[in-house]
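Read the structure below first, then the notes.
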Amino acid sequence: MNVRGTVAGSVEVRTVSTSYGESDLAEVPVQLTDVTSTDGSQEACDQTTLEASDGPARERTAELETQTKAELETLTTVTITCWGKWAESADLLEPGMEILVTEAEEREYQGEQQYSTTGDSYVVVEPDFLVNVTDIRSWVECPRLYYLNKLSGVPLNYPVTKGTLVHEVFGDLLRGQDLEASIEERIDERGLELGLLGESPKSVAEDVRQNAAAIEGWLEQGRLTEDEKSGDEDGNESFAPAESEWRSEQLLISETFGIRGRADAIRRGAPVELKTGKNLKKEPRFKDKVQAACYALLLEEHGGSVDTGTLLYTKNSALDRNEETGDLTPAKDFSMGSGLLKFVVRLRNEIAAMEFDDGVPTGHEGNAKCEYCFERDTCMVVSGRLDQESKAGQIGTALPAEEREYFDRIYRAIEEERREVHREYAKLWEQDAEERAEDDRALIDLEFLEKRELEGGRWELRARQRSPATSKIREGDLVLASDGHPVRGEAELARIERFGDERAERNSANDSSGPQPQELVLTADEPVEVTRLDIYPSELTTDRLLTALHDALLKGSERRKDVLFGRADPAFEDTEEVFIDNNERQNEAVTKAVTAEDCALIHGPPGTGKTYTIARAIRAMVERGDRVLLSAFTNRAVDNALEALREQGFTDFIRVGTESGVREDMLSHRLERSGDPEERLAELEEAQVVAATTATCGSRTMKEQSFDVALVDEAAQLTEPGTYAAINLAERFALVGDHEQLPPVVRAENELSESLFERLVELYPDAGVMLDRQYRMNQRIQVFASREFYDGELRPATPEVAGRTLEDLEGVSQDDLPEPLRDPVSFVDVAGDASQYTDSEEAARIAGLIETYEAAGVERESIGVIAPFRAQVSEIGNHVPSDVAVDTVDRFQGSSKEVIIVSFVATGDLEGPIFEDYRRINVALTRPKRALVLVGDRRALESDPVYERMLEWADR
Ligand SMILES: Nc1ncnc2c1ncn2[C@@H]1O[C@H](COP(=O)(O)OP(=O)(O)OP(=O)(O)O)[C@@H](O)[C@H]1O
């Protein structure tokens, strides 16, 4: 049986004599949360035991600490005895950690239930923390290497690029592509990268060809011995290896062992790993075996039984027999015993345990010899600057104490964020399909339509919803596409290329029956017969926060850090130039941005012309000869700023981003990655203005670029390290944002939720300017937001803006509206229903309001509905026509509509603000241009002072 629980006290390790000789054992006190017999059925779990906690691990510890003694006594604490080598893993456990023991033995001893490991058991520490296979591989080399990789990421260098190319070609060969065609195509795809590296396609092709020779030879050999030639429909012989034999890359997740990774290939159920180095020994390298063993574990969990692994050292085939001695065969098979598999799980446990308390490895944990390590210098610099203990020693002087303290704090906050991402992964198996769908985490029950092979061996997959459903899944997202279960079934990472087809939209345009089932188009490496999609948050974002933090502190200039740490006031040059003559504050903002020697801060309330000002500032910077990086949190903001630049007559910019991320009208400016390396490089390096999201700024390509100024929009929505990703690339920076609107998007509640923008605005009020004239809202609409959030400073930019009403719109007559709706701000009282997150009565009223506006001539596309919860968004979606935009505040930030209707879903006594925090109200109330309707339960709203003031304003 499998037993799982939370460690409830300290672990005792000792050595005992048994009939087989001496053995270590560890006794672990555990509060059981789950006991499952190995045939899968749930056996028993005491009612009083702890529920699997939802929060991060640290919360669990806190939970345990605050439990009273009496409470603890009512919980069943059992002892799990971990024998032999598992005592090592048990020794890593601390109270609050989770432990899972597979194939455990149960017995009753003096009325107490006891469990112990058996010969077949695995002990898994913190099973919800998914460790990457490649991390286990670096950990076995040296634990500190694992840490350094986390801090500095994978740099752009030729061996890495070549390795990737060889892997891609390997995948293509497995998919039956021609070798030369594959090499040509893959090298072409990496044009930009090769340009940055200064490599020529010809020499790279030769390099890849040599490595690929080993692969081809080996595949060929397999084919000849097994006579597995296959043919296509026309009878042409294909070089594709027989499908039953082979699978190319596949994402595998193990919920039992807490491991995830992608095997390069699977052949007859066993893992094959490709290494682009040489190995002249008979045996594979130990760290490579460890990697293959991880895949074996993953495959076993997916129903396989694996006893061998293959390592393919592709460089061996390129070596000259006369000069090299040793075993030149590229493919080395090895047998995989249970001892190795268990060793691998113990390694994984070491990582999970260290990450539980954000430990920093010293290198002493492993046997690696620093003299032979390629990363020795980096290791010494990092330990020197951060004053860490390290086996390699330290060089250089340590950062000032406040910077080290800051580094530790932010590092921990980022790791908490990572833990939250892992909690999200764990939900893939903790929740069943229906629960996930209910939670907007999955689209289930899809009808698989077809698969089609694309150029380059990728696949296009099509599926259709059987019934309409909402979810967080959007076009452009990476999701787990599976044939039924994201972990237990066949699954692949896929990108959503299209969500919703024209036909469905056209049919629904004329009815008001709400959302229709949508068609989905996905692309993936493997042809999964997709019937389900699950959200799969990327850890890449977290990884990049860490490297941005590292770069900011360890590579940042002293001056920059003096400013960031409040040790030097930002300086400005003088100028008499006027940049904008009809808006004083905007002019001041451009002046500050252009003359800043360190940084400028532009605070832009809703509709105050932030984008306009950014575009003007960029032009002024370019005129002064600066190279400018334009960045923002979202693709949309980046494209909006570029659009404003274009409107101001400037088009000499390059947009860096993916094809699905960049807006269609900006695709012609998108930097192509494929093609001639020199041309691609020139395109990027010669561009005076380069635009990309802050996430893309952390990419290997962008990290190679440097700028005079970085101008970052939506800066109040960025975490501190998120902002560094962009500003690390430039000498000076200007941040634009509004900390009275949405804060940074983070999962964990910690200090990452305060933006650098907000911190600097408070630290250096003189470096900031607040734009105060808004170009969006009728005067009556802006009053509340101005008073409540901007000290009454916000005002309409022109009389035209102040006097905007629906009457100005073509075909609209205000007289056709009922009296209360003729006022730009109105309130509709709806006695709420009792449910917490939805209110169908409110939804029905909103549908009625939309009809009323339509009858007065307002077009549906001009109306937007904002609700605080996704559940209410779906509820409203069921009542209103699909061409009315209905969404949460977060989706509306940065956009506006002629008419905005806000659904408050408020009932009874309000417990805490409905919109999570007041900044969200600010965003909701400042989206409309000409009319705002608030819909809610008056009595409930009046119980909160801010909403009470809001009602007073609406009633006036
Ligand atoms: N100085 C100006 N003179 C004339 N028009 C302006 C000026 N500043 C802004 N505008 C116009 O006002 C409108 C709103 O400006 P913009 O889109 O830059 O606002 P924003 O602050 O970026 O809005 P949001 O709050 O949605 O981000 C645009 O149509 C813009 O052209």
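Scheme for the structure tokens: letters A, B, ... for chains in order shown; per-chain residue numbers from 1; ligand numbers from 1 in order shown.
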
Legend entry - Residue neighbourhood Val140 in chain A, 10 Å, only C-alpha atoms, exclusion window fewer than 6 positions, as a list in words: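 Here the qualifying residues turn out to be Tyr146, Phe286, Lys287, Asp288, Val290, Gln291, Val344, Leu347, Arg348, Glu365, Gly366, Asn367 and Ala368 of chain A.
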
Atoms kept (C-alpha atoms) for selection, written as an mmCIF file, in the first residue's frame:
data_model
loop_
_atom_site.group_PDB
_atom_site.id
_atom_site.type_symbol
_atom_site.label_atom_id
_atom_site.label_comp_id
_atom_site.auth_asym_id
_atom_site.auth_seq_id
_atom_site.Cartn_x
_atom_site.Cartn_y
_atom_site.Cartn_z
ATOM 1 C CA TYR A 146 22.222 23.053 -9.837
ATOM 2 C CA PHE A 286 27.278 8.133 -14.399
ATOM 3 C CA LYS A 287 25.363 11.414 -14.582
ATOM 4 C CA ASP A 288 23.960 10.352 -17.950
ATOM 5 C CA VAL A 290 21.135 8.970 -13.710
ATOM 6 C CA GLN A 291 19.272 11.020 -16.274
ATOM 7 C CA VAL A 344 17.830 8.533 -8.324
ATOM 8 C CA LEU A 347 18.872 12.384 -5.201
ATOM 9 C CA ARG A 348 15.563 13.912 -6.113
ATOM 10 C CA GLU A 365 27.319 17.731 -0.454
ATOM 11 C CA GLY A 366 28.769 15.971 -3.500
ATOM 12 C CA ASN A 367 32.055 14.413 -4.485
ATOM 13 C CA ALA A 368 32.741 16.594 -7.491
#

Counting only C-alpha atoms and all ligand atoms, which residues of chain A sit at most 7 Å from some atom of ligand 1, and what is each one's closest atom pair with its distance in Å to one decimal, listed by chain and rising residue number, as a Markdown table?
| residue | atom | partner | partner_atom_place_in_ligand_line | distance |
| --- | --- | --- | --- | --- |
| A:Ile580 | CA | ligand 1 | 1 (N) | 6.4 |
| A:Asn582 | CA | ligand 1 | 1 (N) | 5.6 |
| A:Asn583 | CA | ligand 1 | 1 (N) | 5.2 |
| A:Gln586 | CA | ligand 1 | 1 (N) | 6.8 |
| A:Gly604 | CA | ligand 1 | 21 (O) | 6.0 |
| A:Pro605 | CA | ligand 1 | 25 (O) | 6.2 |
| A:Pro606 | CA | ligand 1 | 25 (O) | 3.5 |
| A:Gly607 | CA | ligand 1 | 23 (O) | 3.7 |
| A:Thr608 | CA | ligand 1 | 21 (O) | 4.0 |
| A:Gly609 | CA | ligand 1 | 18 (O) | 3.1 |
| A:Lys610 | CA | ligand 1 | 21 (O) | 3.7 |
| A:Thr611 | CA | ligand 1 | 18 (O) | 3.5 |
| A:Tyr612 | CA | ligand 1 | 18 (O) | 3.8 |
| A:Thr613 | CA | ligand 1 | 18 (O) | 6.5 |
| A:Tyr775 | CA | ligand 1 | 12 (O) | 4.6 |
| A:Arg776 | CA | ligand 1 | 14 (C) | 6.4 |
| A:Gly894 | CA | ligand 1 | 26 (O) | 4.1 |
| A:Ser895 | CA | ligand 1 | 26 (O) | 5.1 |
| A:Ser896 | CA | ligand 1 | 26 (O) | 6.7 |

So that I have them on file, write out the residues from the current selection with C-alpha atoms, as a CSV table (one decimal), in the first residue's frame.
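Final output, saved to again_32.csv:
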chain,number,residue,atom,x,y,z
A,580,ILE,CA,4.3,68.5,-26.1
A,582,ASN,CA,-0.9,71.2,-25.2
A,583,ASN,CA,-0.4,69.3,-22.0
A,586,GLN,CA,2.9,65.2,-20.4
A,604,GLY,CA,-0.4,57.8,-15.6
A,605,PRO,CA,-4.0,57.5,-14.3
A,606,PRO,CA,-6.6,56.1,-16.7
A,607,GLY,CA,-6.8,57.7,-20.1
A,608,THR,CA,-4.2,60.4,-19.4
A,609,GLY,CA,-2.3,59.7,-22.6
A,610,LYS,CA,0.4,57.4,-21.2
A,611,THR,CA,0.8,55.7,-24.5
A,612,TYR,CA,0.9,59.0,-26.4
A,613,THR,CA,3.5,60.3,-24.0
A,775,TYR,CA,-8.9,62.0,-22.6
A,776,ARG,CA,-11.5,59.3,-21.9
A,894,GLY,CA,-5.9,49.1,-20.5
A,895,SER,CA,-9.1,49.1,-22.6
A,896,SER,CA,-12.2,51.2,-22.7

Inset, instruction - Please provide as a ChimeraX atom specification all residues within 7 Å of Ala318 in chain A, with the sequence filter that same-chain residues fewer than 3 positions apart are discarded (counting only C-alpha atoms). - result: /A:210-211,315

Extract, using only C-alpha atoms, all DNA, RNA and protein residues at most 12 Å from Lys555 in chain A, discarding same-chain residues fewer than 3 positions from it, and format them as a compact mmCIF listing (two decimals) with N, CA and C atoms, in the first residue's frame.
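Okay, out_23.txt is ready:
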# COMPACT_ATOMS: atom_id res chain seq x y z
N SER A 152 21.83 31.75 -13.00
CA SER A 152 22.26 32.46 -14.20
C SER A 152 21.66 31.94 -15.50
N VAL A 381 32.82 33.43 -7.92
CA VAL A 381 32.34 34.82 -7.96
C VAL A 381 31.02 34.94 -7.20
N VAL A 382 30.11 34.01 -7.49
CA VAL A 382 28.79 34.07 -6.83
C VAL A 382 28.98 33.94 -5.31
N ARG A 385 30.58 37.22 -3.96
CA ARG A 385 29.74 38.42 -3.93
C ARG A 385 28.57 38.27 -2.95
N LEU A 399 28.99 41.91 -1.74
CA LEU A 399 28.07 43.04 -1.89
C LEU A 399 27.79 43.61 -0.51
N THR A 547 17.04 34.93 -12.70
CA THR A 547 18.23 35.40 -13.41
C THR A 547 18.23 36.93 -13.49
N ALA A 548 17.06 37.53 -13.58
CA ALA A 548 17.01 39.00 -13.63
C ALA A 548 17.50 39.58 -12.30
N LEU A 549 17.12 38.94 -11.21
CA LEU A 549 17.58 39.40 -9.89
C LEU A 549 19.10 39.26 -9.80
N HIS A 550 19.58 38.10 -10.22
CA HIS A 550 21.02 37.83 -10.21
C HIS A 550 21.77 38.87 -11.03
N ASP A 551 21.30 39.11 -12.24
CA ASP A 551 21.98 40.06 -13.11
C ASP A 551 21.95 41.48 -12.54
N ALA A 552 20.79 41.85 -11.96
CA ALA A 552 20.67 43.22 -11.43
C ALA A 552 21.67 43.45 -10.29
N GLU A 558 27.36 50.15 -10.13
CA GLU A 558 27.25 50.69 -8.77
C GLU A 558 26.23 51.82 -8.72
N ARG A 559 26.30 52.67 -9.72
CA ARG A 559 25.40 53.83 -9.75
C ARG A 559 23.93 53.36 -9.77
N ARG A 560 23.66 52.40 -10.64
CA ARG A 560 22.29 51.87 -10.72
C ARG A 560 21.84 51.36 -9.36
N LYS A 561 22.71 50.62 -8.72
CA LYS A 561 22.32 50.05 -7.43
C LYS A 561 22.19 51.11 -6.35
N TYR A 724 13.45 44.31 -13.58
CA TYR A 724 14.89 44.23 -13.87
C TYR A 724 15.16 43.58 -15.22
N ASN A 728 17.76 45.87 -16.88
CA ASN A 728 19.14 45.36 -16.87
C ASN A 728 19.83 45.59 -18.21
N LEU A 729 19.04 45.71 -19.27
CA LEU A 729 19.62 45.80 -20.60
C LEU A 729 20.00 47.23 -20.99

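The shortest atom-to-atom distance to Trp429 in chain A, with only C-alpha atoms taken into account, belongs to A:Pro127 out of A:Gly171, A:Pro127, A:Gly163, A:Gly864.
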
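For the set A:Glu841, A:Glu758, A:Glu576, A:Glu355, the residue with the smallest atom-to-atom gap to His739 in chain A is A:Glu758, counting only C-alpha atoms.
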
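Compared by their closest atoms to Val830 in chain A, and using only C-alpha atoms, the residues A:Glu453, A:Asp937, A:Asp815, A:Asp358 rank with A:Asp937 nearest.
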
Legend entry - Spatial neighbours of Gly191 in chain A, max dist 7 Å, only C-alpha atoms, sep filter under 3 positions, as a PyMOL selection string: chain A and resi 187-188+194-195+673-677+680

Legend entry - Selection near range 9-16 of chain A, 9 Å with only C-alpha atoms, sequence-local residues under 5 positions removed, as a PyMOL selection string: chain A and resi 21-30+87-88+90-96
